[in-house]
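Containing PDB, C-alpha atoms: start39.pdb.
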```pdb
MODEL        1
ATOM      1  CA  MET A   1    -172.001 127.447  48.745
ATOM      2  CA  VAL A   2    -169.611 127.177  45.814
ATOM      3  CA  ASN A   3    -170.423 129.546  42.973
ATOM      4  CA  PRO A   4    -171.247 127.782  39.699
ATOM      5  CA  VAL A   5    -170.072 128.429  36.183
ATOM      6  CA  VAL A   6    -172.888 130.172  34.281
ATOM      7  CA  VAL A   7    -173.362 129.949  30.525
ATOM      8  CA  GLY A   8    -175.810 131.819  28.320
ATOM      9  CA  VAL A   9    -177.832 129.565  26.016
ATOM     10  CA  ASP A  10    -179.821 130.758  22.997
ATOM     11  CA  GLY A  11    -179.637 127.776  20.650
ATOM     12  CA  SER A  12    -177.061 129.295  18.307
ATOM     13  CA  SER A  13    -173.997 127.297  17.319
ATOM     14  CA  SER A  14    -171.870 129.885  19.123
ATOM     15  CA  SER A  15    -173.741 129.376  22.398
ATOM     16  CA  LEU A  16    -173.505 125.588  22.107
ATOM     17  CA  GLU A  17    -169.730 125.905  21.768
ATOM     18  CA  ALA A  18    -169.845 128.095  24.865
ATOM     19  CA  VAL A  19    -171.807 125.394  26.708
ATOM     20  CA  GLU A  20    -169.100 122.817  26.007
ATOM     21  CA  THR A  21    -166.383 125.195  27.168
ATOM     22  CA  ALA A  22    -168.378 126.122  30.273
ATOM     23  CA  ALA A  23    -168.887 122.453  31.147
ATOM     24  CA  ARG A  24    -165.157 121.810  30.978
ATOM     25  CA  GLU A  25    -164.474 124.908  33.079
ATOM     26  CA  ALA A  26    -166.977 123.724  35.698
ATOM     27  CA  SER A  27    -165.305 120.321  35.767
ATOM     28  CA  LEU A  28    -161.867 121.889  36.241
ATOM     29  CA  ARG A  29    -163.205 123.939  39.165
ATOM     30  CA  GLY A  30    -165.259 121.136  40.711
ATOM     31  CA  VAL A  31    -168.420 123.257  40.638
ATOM     32  CA  GLY A  32    -171.845 123.027  39.046
ATOM     33  CA  LEU A  33    -172.917 124.357  35.662
ATOM     34  CA  ARG A  34    -175.925 126.648  35.307
ATOM     35  CA  LEU A  35    -177.581 126.913  31.885
ATOM     36  CA  VAL A  36    -179.370 130.258  31.529
ATOM     37  CA  HIS A  37    -181.834 131.059  28.777
ATOM     38  CA  ALA A  38    -183.325 134.561  28.728
ATOM     39  CA  PHE A  39    -185.715 136.205  26.309
ATOM     40  CA  GLY A  40    -187.604 139.478  26.097
ATOM     41  CA  TRP A  41    -191.277 139.652  25.209
ATOM     42  CA  PRO A  42    -190.953 142.626  22.839
ATOM     43  CA  SER A  43    -188.819 140.615  20.441
ATOM     44  CA  LEU A  44    -191.389 137.821  20.498
ATOM     45  CA  HIS A  45    -194.404 140.125  20.077
ATOM     46  CA  VAL A  46    -196.004 138.740  23.233
ATOM     47  CA  PRO A  47    -198.010 141.063  25.528
ATOM     48  CA  PRO A  48    -196.040 142.094  28.612
ATOM     49  CA  GLY A  49    -197.095 140.535  31.894
ATOM     50  CA  MET A  50    -198.079 137.237  30.316
ATOM     51  CA  HIS A  51    -196.727 134.151  32.106
ATOM     52  CA  PRO A  52    -193.945 132.495  30.127
ATOM     53  CA  TRP A  53    -195.927 129.279  29.769
ATOM     54  CA  ASN A  54    -199.323 130.728  28.924
ATOM     55  CA  PRO A  55    -201.375 128.276  26.792
ATOM     56  CA  ASN A  56    -201.022 130.699  23.883
ATOM     57  CA  THR A  57    -197.258 130.226  23.980
ATOM     58  CA  ALA A  58    -197.090 126.441  24.267
ATOM     59  CA  GLY A  59    -194.955 126.271  21.144
ATOM     60  CA  LEU A  60    -192.473 128.648  22.753
ATOM     61  CA  ARG A  61    -192.144 126.366  25.763
ATOM     62  CA  GLU A  62    -191.385 123.394  23.538
ATOM     63  CA  LEU A  63    -188.781 125.426  21.687
ATOM     64  CA  VAL A  64    -187.068 126.558  24.886
ATOM     65  CA  ASP A  65    -187.174 123.063  26.395
ATOM     66  CA  GLY A  66    -185.634 121.662  23.241
ATOM     67  CA  THR A  67    -182.910 124.306  23.227
ATOM     68  CA  LEU A  68    -181.966 123.603  26.830
ATOM     69  CA  ALA A  69    -182.133 119.833  26.350
ATOM     70  CA  GLU A  70    -179.657 120.055  23.481
ATOM     71  CA  ALA A  71    -177.396 122.326  25.503
ATOM     72  CA  GLU A  72    -177.507 119.985  28.494
ATOM     73  CA  GLN A  73    -176.589 117.002  26.344
ATOM     74  CA  ARG A  74    -173.650 118.902  24.842
ATOM     75  CA  ALA A  75    -172.509 119.770  28.377
ATOM     76  CA  ARG A  76    -172.747 116.164  29.574
ATOM     77  CA  ASP A  77    -170.809 114.939  26.557
ATOM     78  CA  ALA A  78    -168.076 117.517  27.176
ATOM     79  CA  ALA A  79    -167.786 116.980  30.936
ATOM     80  CA  PRO A  80    -169.576 113.911  32.311
ATOM     81  CA  GLY A  81    -170.307 114.140  36.010
ATOM     82  CA  VAL A  82    -170.812 117.893  36.224
ATOM     83  CA  GLU A  83    -173.995 118.840  38.076
ATOM     84  CA  ILE A  84    -176.243 120.837  35.738
ATOM     85  CA  THR A  85    -179.140 123.150  36.532
ATOM     86  CA  ARG A  86    -181.347 125.181  34.200
ATOM     87  CA  GLU A  87    -182.830 128.657  34.459
ATOM     88  CA  VAL A  88    -185.367 130.194  32.088
ATOM     89  CA  THR A  89    -186.279 133.804  32.674
ATOM     90  CA  VAL A  90    -187.887 136.753  30.929
ATOM     91  CA  GLY A  91    -185.585 139.707  30.346
ATOM     92  CA  GLU A  92    -182.868 141.055  28.126
ATOM     93  CA  PRO A  93    -180.074 138.460  28.008
ATOM     94  CA  LEU A  94    -177.322 140.953  28.776
ATOM     95  CA  MET A  95    -179.079 142.173  31.920
ATOM     96  CA  VAL A  96    -180.033 138.667  33.040
ATOM     97  CA  LEU A  97    -176.466 137.408  32.675
ATOM     98  CA  GLU A  98    -175.093 140.474  34.442
ATOM     99  CA  ILE A  99    -177.301 139.632  37.421
ATOM    100  CA  GLU A 100    -176.243 135.973  37.224
ATOM    101  CA  SER A 101    -172.590 137.063  37.297
ATOM    102  CA  ARG A 102    -173.033 138.313  40.870
ATOM    103  CA  THR A 103    -173.177 134.742  42.159
ATOM    104  CA  ALA A 104    -171.046 132.976  39.535
ATOM    105  CA  SER A 105    -167.394 131.990  39.563
ATOM    106  CA  LEU A 106    -167.256 132.468  35.797
ATOM    107  CA  VAL A 107    -169.716 133.470  33.066
ATOM    108  CA  VAL A 108    -169.228 131.955  29.617
ATOM    109  CA  VAL A 109    -170.839 133.278  26.436
ATOM    110  CA  GLY A 110    -170.438 132.734  22.723
ATOM    111  CA  SER A 111    -168.964 135.460  20.582
ATOM    112  CA  ARG A 112    -172.228 135.878  18.684
ATOM    113  CA  GLY A 113    -175.804 134.814  19.317
ATOM    114  CA  LEU A 114    -179.050 134.618  17.395
ATOM    115  CA  GLY A 115    -179.883 138.269  17.897
ATOM    116  CA  GLY A 116    -176.865 139.801  16.187
ATOM    117  CA  PHE A 117    -176.388 141.029  12.649
ATOM    118  CA  GLY A 118    -174.328 138.858  10.365
ATOM    119  CA  SER A 119    -171.664 141.507   9.895
ATOM    120  CA  LEU A 120    -170.968 141.899  13.635
ATOM    121  CA  LEU A 121    -167.857 140.128  14.867
ATOM    122  CA  LEU A 122    -168.940 140.189  18.494
ATOM    123  CA  GLY A 123    -172.388 140.174  20.058
ATOM    124  CA  SER A 124    -173.590 142.987  22.291
ATOM    125  CA  THR A 125    -174.133 140.571  25.198
ATOM    126  CA  ALA A 126    -170.451 139.578  25.233
ATOM    127  CA  VAL A 127    -169.270 143.200  25.140
ATOM    128  CA  HIS A 128    -171.700 144.287  27.862
ATOM    129  CA  LEU A 129    -170.727 141.446  30.184
ATOM    130  CA  ALA A 130    -167.020 142.042  29.702
ATOM    131  CA  ALA A 131    -167.557 145.650  30.801
ATOM    132  CA  HIS A 132    -170.119 145.125  33.548
ATOM    133  CA  GLY A 133    -169.837 141.529  34.783
ATOM    134  CA  HIS A 134    -169.213 140.939  38.481
ATOM    135  CA  CYS A 135    -166.988 137.921  37.838
ATOM    136  CA  PRO A 136    -164.549 136.911  35.084
ATOM    137  CA  VAL A 137    -166.223 136.602  31.668
ATOM    138  CA  LEU A 138    -165.015 134.039  29.123
ATOM    139  CA  VAL A 139    -165.950 134.744  25.499
ATOM    140  CA  VAL A 140    -165.602 131.677  23.286
ATOM    141  CA  ARG A 141    -164.158 132.670  19.942
ATOM    142  CA  GLY A 142    -161.301 131.929  17.580
ATOM    143  CA  ARG A 143    -160.061 128.644  16.198
ATOM    144  CA  PRO A 144    -161.700 125.361  17.249
ATOM    145  CA  ASP A 145    -160.028 123.282  19.972
ATOM    146  CA  PRO A 146    -157.238 125.797  20.674
ATOM    147  CA  ALA A 147    -154.058 124.372  22.181
ATOM    148  CA  GLY A 148    -150.954 125.918  23.664
ATOM    149  CA  PRO A 149    -150.213 127.969  26.776
ATOM    150  CA  VAL A 150    -152.438 130.343  28.688
ATOM    151  CA  LEU A 151    -151.552 133.824  27.420
ATOM    152  CA  LEU A 152    -151.657 136.646  29.965
ATOM    153  CA  THR A 153    -151.548 140.272  28.894
ATOM    154  CA  VAL A 154    -149.548 142.220  31.462
ATOM    155  CA  ASP A 155    -149.922 145.993  31.667
ATOM    156  CA  GLY A 156    -148.679 146.619  35.199
ATOM    157  CA  SER A 157    -151.802 148.477  36.291
ATOM    158  CA  PRO A 158    -153.281 147.877  39.771
ATOM    159  CA  ALA A 159    -156.555 146.817  38.141
ATOM    160  CA  GLY A 160    -154.680 144.228  36.090
ATOM    161  CA  GLU A 161    -153.553 142.263  39.146
ATOM    162  CA  ALA A 162    -156.847 140.353  39.206
ATOM    163  CA  ALA A 163    -156.153 139.140  35.663
ATOM    164  CA  VAL A 164    -152.674 137.961  36.676
ATOM    165  CA  GLU A 165    -154.115 136.015  39.608
ATOM    166  CA  PHE A 166    -156.804 134.461  37.408
ATOM    167  CA  ALA A 167    -154.348 133.478  34.665
ATOM    168  CA  PHE A 168    -152.020 131.650  37.056
ATOM    169  CA  ALA A 169    -154.940 129.780  38.630
ATOM    170  CA  GLU A 170    -156.304 128.853  35.214
ATOM    171  CA  ALA A 171    -152.922 127.611  33.979
ATOM    172  CA  ALA A 172    -152.601 125.488  37.120
ATOM    173  CA  ARG A 173    -156.057 123.969  36.614
ATOM    174  CA  ARG A 174    -155.347 123.160  32.989
ATOM    175  CA  GLY A 175    -151.829 121.891  33.572
ATOM    176  CA  ALA A 176    -150.704 124.431  30.982
ATOM    177  CA  ASP A 177    -147.698 126.698  30.621
ATOM    178  CA  LEU A 178    -148.211 130.427  31.057
ATOM    179  CA  VAL A 179    -146.876 133.140  28.774
ATOM    180  CA  ALA A 180    -146.888 136.525  30.515
ATOM    181  CA  LEU A 181    -146.683 138.984  27.650
ATOM    182  CA  HIS A 182    -146.005 142.674  28.076
ATOM    183  CA  VAL A 183    -145.975 144.717  24.879
ATOM    184  CA  TRP A 184    -144.380 148.120  24.968
ATOM    185  CA  ASN A 185    -143.330 150.867  22.634
ATOM    186  CA  THR A 186    -142.047 154.377  23.009
ATOM    187  CA  TRP A 187    -145.574 155.619  23.641
ATOM    188  CA  SER A 188    -145.941 153.253  26.575
ATOM    189  CA  GLU A 189    -144.837 155.743  29.216
ATOM    190  CA  HIS A 190    -147.667 158.003  28.004
ATOM    191  CA  ALA A 191    -149.950 155.028  28.752
ATOM    192  CA  TYR A 192    -151.589 154.978  25.361
ATOM    193  CA  GLU A 193    -150.776 154.506  21.716
ATOM    194  CA  GLY A 194    -150.770 157.718  19.756
ATOM    195  CA  PRO A 195    -151.740 158.448  16.151
ATOM    196  CA  GLY A 196    -150.252 155.801  13.931
ATOM    197  CA  ASP A 197    -148.836 153.998  16.992
ATOM    198  CA  PRO A 198    -145.266 155.234  16.369
ATOM    199  CA  LEU A 199    -142.497 153.159  17.880
ATOM    200  CA  ASN A 200    -139.749 155.791  18.005
ATOM    201  CA  VAL A 201    -140.613 159.011  19.776
ATOM    202  CA  VAL A 202    -138.749 158.657  23.076
ATOM    203  CA  ALA A 203    -134.989 159.292  23.079
ATOM    204  CA  ASP A 204    -133.897 157.018  25.933
ATOM    205  CA  VAL A 205    -135.213 153.719  24.598
ATOM    206  CA  GLU A 206    -132.817 151.625  26.683
ATOM    207  CA  ARG A 207    -134.043 153.212  29.923
ATOM    208  CA  LEU A 208    -137.657 152.717  28.918
ATOM    209  CA  GLN A 209    -137.057 149.060  28.063
ATOM    210  CA  GLU A 210    -135.503 148.472  31.485
ATOM    211  CA  GLU A 211    -138.525 150.061  33.149
ATOM    212  CA  GLU A 212    -140.935 147.933  31.136
ATOM    213  CA  GLN A 213    -138.989 144.776  32.065
ATOM    214  CA  ARG A 214    -139.182 145.762  35.716
ATOM    215  CA  LEU A 215    -142.923 146.334  35.370
ATOM    216  CA  LEU A 216    -143.373 142.842  33.914
ATOM    217  CA  ASP A 217    -141.219 141.193  36.579
ATOM    218  CA  GLU A 218    -142.982 142.951  39.454
ATOM    219  CA  ALA A 219    -146.423 142.008  38.123
ATOM    220  CA  VAL A 220    -145.600 138.339  37.644
ATOM    221  CA  ALA A 221    -143.089 137.403  40.361
ATOM    222  CA  PRO A 222    -145.449 137.233  43.386
ATOM    223  CA  TRP A 223    -147.889 134.945  41.594
ATOM    224  CA  GLN A 224    -145.140 132.806  40.116
ATOM    225  CA  ALA A 225    -143.908 132.190  43.654
ATOM    226  CA  ARG A 226    -147.412 131.099  44.694
ATOM    227  CA  HIS A 227    -147.718 128.731  41.724
ATOM    228  CA  PRO A 228    -144.339 127.012  41.379
ATOM    229  CA  GLU A 229    -146.058 124.207  39.443
ATOM    230  CA  VAL A 230    -146.757 126.553  36.520
ATOM    231  CA  ALA A 231    -144.004 126.973  33.931
ATOM    232  CA  VAL A 232    -143.831 130.678  33.104
ATOM    233  CA  GLU A 233    -142.308 132.532  30.192
ATOM    234  CA  ARG A 234    -141.948 136.256  30.740
ATOM    235  CA  ARG A 235    -142.071 137.793  27.295
ATOM    236  CA  LEU A 236    -141.247 141.459  26.670
ATOM    237  CA  VAL A 237    -142.053 142.625  23.145
ATOM    238  CA  ARG A 238    -141.472 146.027  21.607
ATOM    239  CA  SER A 239    -144.286 146.486  19.127
ATOM    240  CA  ARG A 240    -147.708 147.981  18.609
ATOM    241  CA  ILE A 241    -149.826 146.663  21.434
ATOM    242  CA  ARG A 242    -153.044 145.428  19.858
ATOM    243  CA  PRO A 243    -151.545 143.708  16.786
ATOM    244  CA  ALA A 244    -148.862 142.020  18.900
ATOM    245  CA  LEU A 245    -151.378 140.597  21.369
ATOM    246  CA  ILE A 246    -153.693 139.391  18.619
ATOM    247  CA  GLU A 247    -150.784 137.700  16.839
ATOM    248  CA  ALA A 248    -149.653 135.994  20.051
ATOM    249  CA  SER A 249    -153.159 134.572  20.565
ATOM    250  CA  GLN A 250    -152.642 132.343  17.523
ATOM    251  CA  GLU A 251    -150.564 129.992  19.662
ATOM    252  CA  ALA A 252    -152.609 130.124  22.892
ATOM    253  CA  GLN A 253    -155.471 128.034  24.273
ATOM    254  CA  LEU A 254    -156.807 130.968  26.310
ATOM    255  CA  LEU A 255    -156.057 134.682  26.503
ATOM    256  CA  VAL A 256    -156.540 136.446  29.829
ATOM    257  CA  THR A 257    -156.738 140.230  30.008
ATOM    258  CA  GLY A 258    -157.885 142.939  32.366
ATOM    259  CA  ALA A 259    -160.868 145.083  31.498
ATOM    260  CA  ARG A 260    -158.822 148.263  31.510
ATOM    261  CA  GLY A 261    -155.115 149.014  31.524
ATOM    262  CA  ARG A 262    -152.975 152.053  32.183
ATOM    263  CA  GLY A 263    -154.338 153.996  29.245
ATOM    264  CA  GLY A 264    -157.664 155.356  28.150
ATOM    265  CA  PHE A 265    -160.234 157.463  29.919
ATOM    266  CA  THR A 266    -161.068 156.705  33.536
ATOM    267  CA  GLY A 267    -164.775 156.524  32.795
ATOM    268  CA  LEU A 268    -164.409 153.611  30.406
ATOM    269  CA  LEU A 269    -165.255 150.198  31.851
ATOM    270  CA  LEU A 270    -163.689 148.324  28.935
ATOM    271  CA  GLY A 271    -160.451 149.539  27.401
ATOM    272  CA  SER A 272    -159.648 149.668  23.701
ATOM    273  CA  VAL A 273    -157.082 146.864  23.930
ATOM    274  CA  SER A 274    -159.571 144.550  25.653
ATOM    275  CA  GLN A 275    -162.208 145.361  23.051
ATOM    276  CA  ALA A 276    -159.779 144.632  20.219
ATOM    277  CA  LEU A 277    -158.940 141.250  21.730
ATOM    278  CA  LEU A 278    -162.610 140.357  22.139
ATOM    279  CA  HIS A 279    -163.186 141.136  18.481
ATOM    280  CA  HIS A 280    -160.058 139.709  16.887
ATOM    281  CA  ALA A 281    -158.238 137.197  19.119
ATOM    282  CA  HIS A 282    -157.614 133.741  17.642
ATOM    283  CA  CYS A 283    -158.563 131.917  20.857
ATOM    284  CA  PRO A 284    -161.092 132.291  23.695
ATOM    285  CA  VAL A 285    -160.691 135.440  25.784
ATOM    286  CA  THR A 286    -161.348 135.888  29.494
ATOM    287  CA  VAL A 287    -161.801 139.460  30.700
ATOM    288  CA  VAL A 288    -161.137 139.934  34.411
ATOM    289  CA  ARG A 289    -162.257 143.182  35.959
ATOM    290  CA  GLY A 290    -160.213 144.615  38.804
ATOM    291  CA  LYS A 291    -161.760 145.514  42.124
ATOM    292  CA  GLU A 292    -163.841 148.671  42.091
TER
ENDMDL
END
```
Mind converting the file's structure to structure tokens?
Amino acid sequence: MVNPVVVGVDGSSSSLEAVETAAREASLRGVGLRLVHAFGWPSLHVPPGMHPWNPNTAGLRELVDGTLAEAEQRARDAAPGVEITREVTVGEPLMVLEIESRTASLVVVGSRGLGGFGSLLLGSTAVHLAAHGHCPVLVVRGRPDPAGPVLLTVDGSPAGEAAVEFAFAEAARRGADLVALHVWNTWSEHAYEGPGDPLNVVADVERLQEEEQRLLDEAVAPWQARHPEVAVERRLVRSRIRPALIEASQEAQLLVTGARGRGGFTGLLLGSVSQALLHHAHCPVTVVRGKE
């Protein structure tokens, strides 16, 4: 059985954009699309244990059916021919989608849903899934109809290899170029950016630059050999990591990153760089977790 692309649907404009993206991703992969709508009774003030379609909640059923019907139509318009299934379940959306991710090839969500506060740049569901999802998670954000290459953030960590593999496969599916970007500075060999992200604290800058180039080449070369059809630019940039990656996303159609890199605390499931990209990138972001 081929794992489908799963998309969370809540009726918000952000989720409908995610549906269109998910439909196109399903078409590229030749798999089905699964529309998932989840809701929790506490937020609806409905007694726990009540069947979702109790006569007292008939209006709720009509609302949910209408939401899914609109989402399905958007999906069919975006990718005619994709097989679509629906799932309506009771539960917190973030937990429901985490469970769905166990049997999905990709989970797609909008950057913000109906439940968030207006001042939040990224919904809690997107952050949770990026940290805990069992498959790659694509968060639809940034400018509309992004064009350009697939942008891969390369950090050289063992966990980041899954992101490299995913990015090459995605570029091949899309017929897009791939930019493999590794940003370094003189804090890089300490594996994190220090206070103020200084660029000049290591004496042998030339040696460090050579090491960072080698790191980039070793991360990319095996996958470039497996995908000779993908045009690859290996880009080494000396700068502050987060701002440089966010700036580069302005010219990309998709940014692919690992959940955690070489820095940070080992207990964190989502690194600070990944979180910054989810909040501020100018294009959709796919977070790919490495193997446990």
Assuming the chain letters and numbering stay as they are in my file, what does the PyMOL selection byres ((chain A and resi 67) around 10) actually select? List them as a ChimeraX atom specification.
/A:9-12,16,37,61-66,68-72
Closest to Pro222 (chain A) among A:Val154, A:Val109, A:Pro284, A:Glu165, using all atoms listed in the file?
A:Glu165
His132 (chain A) environment, 8 Å, only C-alpha atoms, sequence neighbours closer than 2 positions dropped, as a ChimeraX atom specification
/A:98,128-130,134,269
Once you have the residues from the selection above, write them out as a PDB file, in the coordinates of the input, restricted to C-alpha atoms.
```pdb
ATOM      1  CA  GLU A  98    -175.093 140.474  34.442  1.00  0.00           C
ATOM      2  CA  HIS A 128    -171.700 144.287  27.862  1.00  0.00           C
ATOM      3  CA  LEU A 129    -170.727 141.446  30.184  1.00  0.00           C
ATOM      4  CA  ALA A 130    -167.020 142.042  29.702  1.00  0.00           C
ATOM      5  CA  HIS A 134    -169.213 140.939  38.481  1.00  0.00           C
ATOM      6  CA  LEU A 269    -165.255 150.198  31.851  1.00  0.00           C
TER       7      LEU A 269
END
```
In Å, with one decimal, what is the gap from CA of Cys283 (chain A) to CA of Leu255 (chain A)?
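About the pair CA of Cys283 (chain A) and CA of Leu255 (chain A): they are 6.8 Å apart.
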Would you mind listing what lies within 8 Å of Ala18 (chain A) as an NGL selection string, with all atoms listed in the file counted and same-chain residues fewer than 5 positions away left out?
:A and (7-8 or 108-110 or 139-140)
Within 10 Å of region 226-243 of chain A: each region 70-170 of chain A residue with its shortest pair, only C-alpha atoms, as a Markdown table:
```
| residue | atom | partner | partner_atom | distance |
| --- | --- | --- | --- | --- |
| A:Pro149 | CA | A:Val232 | CA | 9.4 |
| A:Val150 | CA | A:Val232 | CA | 9.7 |
| A:Leu151 | CA | A:Glu233 | CA | 9.7 |
| A:Leu152 | CA | A:Arg234 | CA | 9.7 |
| A:Thr153 | CA | A:Arg235 | CA | 9.9 |
| A:Val154 | CA | A:Leu236 | CA | 9.6 |
| A:Glu165 | CA | A:Arg226 | CA | 9.7 |
| A:Phe168 | CA | A:His227 | CA | 7.0 |
| A:Ala169 | CA | A:His227 | CA | 7.9 |
| A:Glu170 | CA | A:Val230 | CA | 9.9 |
```
Have a look at CA of Val288 (chain A) and CA of Pro136 (chain A) and let me know their distance in Å, one decimal.
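Those two atoms sit 4.6 Å apart.
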What does the structure give for the distance between CA of Ala78 (chain A) and CA of Glu20 (chain A), in Å to one decimal?
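Atom-to-atom, CA of Ala78 (chain A) to CA of Glu20 (chain A), that is 5.5 Å.
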Please provide as a list in words all residues within 12 Å of Pro144 (chain A), with the sequence filter that same-chain residues fewer than 2 positions apart are discarded (counting all atoms listed in the file).
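Those residues are Ser14, Glu17, Ala18, Glu20, Thr21, Val140, Arg141, Gly142, Pro146, Ala147, Gln250, Ala252, Gln253, Leu254, His282, Cys283 and Pro284 of chain A.
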Selection under test: the PyMOL selection byres ((chain A and resi 25) around 12); residues as JSON, numbers by chain
{"A": [4, 5, 6, 7, 18, 19, 20, 21, 22, 23, 24, 26, 27, 28, 29, 30, 31, 32, 33, 34, 75, 78, 79, 82, 105, 106, 107, 108, 137, 138, 140, 170, 171, 173, 174, 254, 286]}
Okay, now the selection with C-alpha atoms, as an mmCIF file, in the frame of the given file?
```cif
data_model
loop_
_atom_site.group_PDB
_atom_site.id
_atom_site.type_symbol
_atom_site.label_atom_id
_atom_site.label_comp_id
_atom_site.auth_asym_id
_atom_site.auth_seq_id
_atom_site.Cartn_x
_atom_site.Cartn_y
_atom_site.Cartn_z
ATOM 1 C CA PRO A 4 -171.247 127.782 39.699
ATOM 2 C CA VAL A 5 -170.072 128.429 36.183
ATOM 3 C CA VAL A 6 -172.888 130.172 34.281
ATOM 4 C CA VAL A 7 -173.362 129.949 30.525
ATOM 5 C CA ALA A 18 -169.845 128.095 24.865
ATOM 6 C CA VAL A 19 -171.807 125.394 26.708
ATOM 7 C CA GLU A 20 -169.100 122.817 26.007
ATOM 8 C CA THR A 21 -166.383 125.195 27.168
ATOM 9 C CA ALA A 22 -168.378 126.122 30.273
ATOM 10 C CA ALA A 23 -168.887 122.453 31.147
ATOM 11 C CA ARG A 24 -165.157 121.810 30.978
ATOM 12 C CA ALA A 26 -166.977 123.724 35.698
ATOM 13 C CA SER A 27 -165.305 120.321 35.767
ATOM 14 C CA LEU A 28 -161.867 121.889 36.241
ATOM 15 C CA ARG A 29 -163.205 123.939 39.165
ATOM 16 C CA GLY A 30 -165.259 121.136 40.711
ATOM 17 C CA VAL A 31 -168.420 123.257 40.638
ATOM 18 C CA GLY A 32 -171.845 123.027 39.046
ATOM 19 C CA LEU A 33 -172.917 124.357 35.662
ATOM 20 C CA ARG A 34 -175.925 126.648 35.307
ATOM 21 C CA ALA A 75 -172.509 119.770 28.377
ATOM 22 C CA ALA A 78 -168.076 117.517 27.176
ATOM 23 C CA ALA A 79 -167.786 116.980 30.936
ATOM 24 C CA VAL A 82 -170.812 117.893 36.224
ATOM 25 C CA SER A 105 -167.394 131.990 39.563
ATOM 26 C CA LEU A 106 -167.256 132.468 35.797
ATOM 27 C CA VAL A 107 -169.716 133.470 33.066
ATOM 28 C CA VAL A 108 -169.228 131.955 29.617
ATOM 29 C CA VAL A 137 -166.223 136.602 31.668
ATOM 30 C CA LEU A 138 -165.015 134.039 29.123
ATOM 31 C CA VAL A 140 -165.602 131.677 23.286
ATOM 32 C CA GLU A 170 -156.304 128.853 35.214
ATOM 33 C CA ALA A 171 -152.922 127.611 33.979
ATOM 34 C CA ARG A 173 -156.057 123.969 36.614
ATOM 35 C CA ARG A 174 -155.347 123.160 32.989
ATOM 36 C CA LEU A 254 -156.807 130.968 26.310
ATOM 37 C CA THR A 286 -161.348 135.888 29.494
#
```
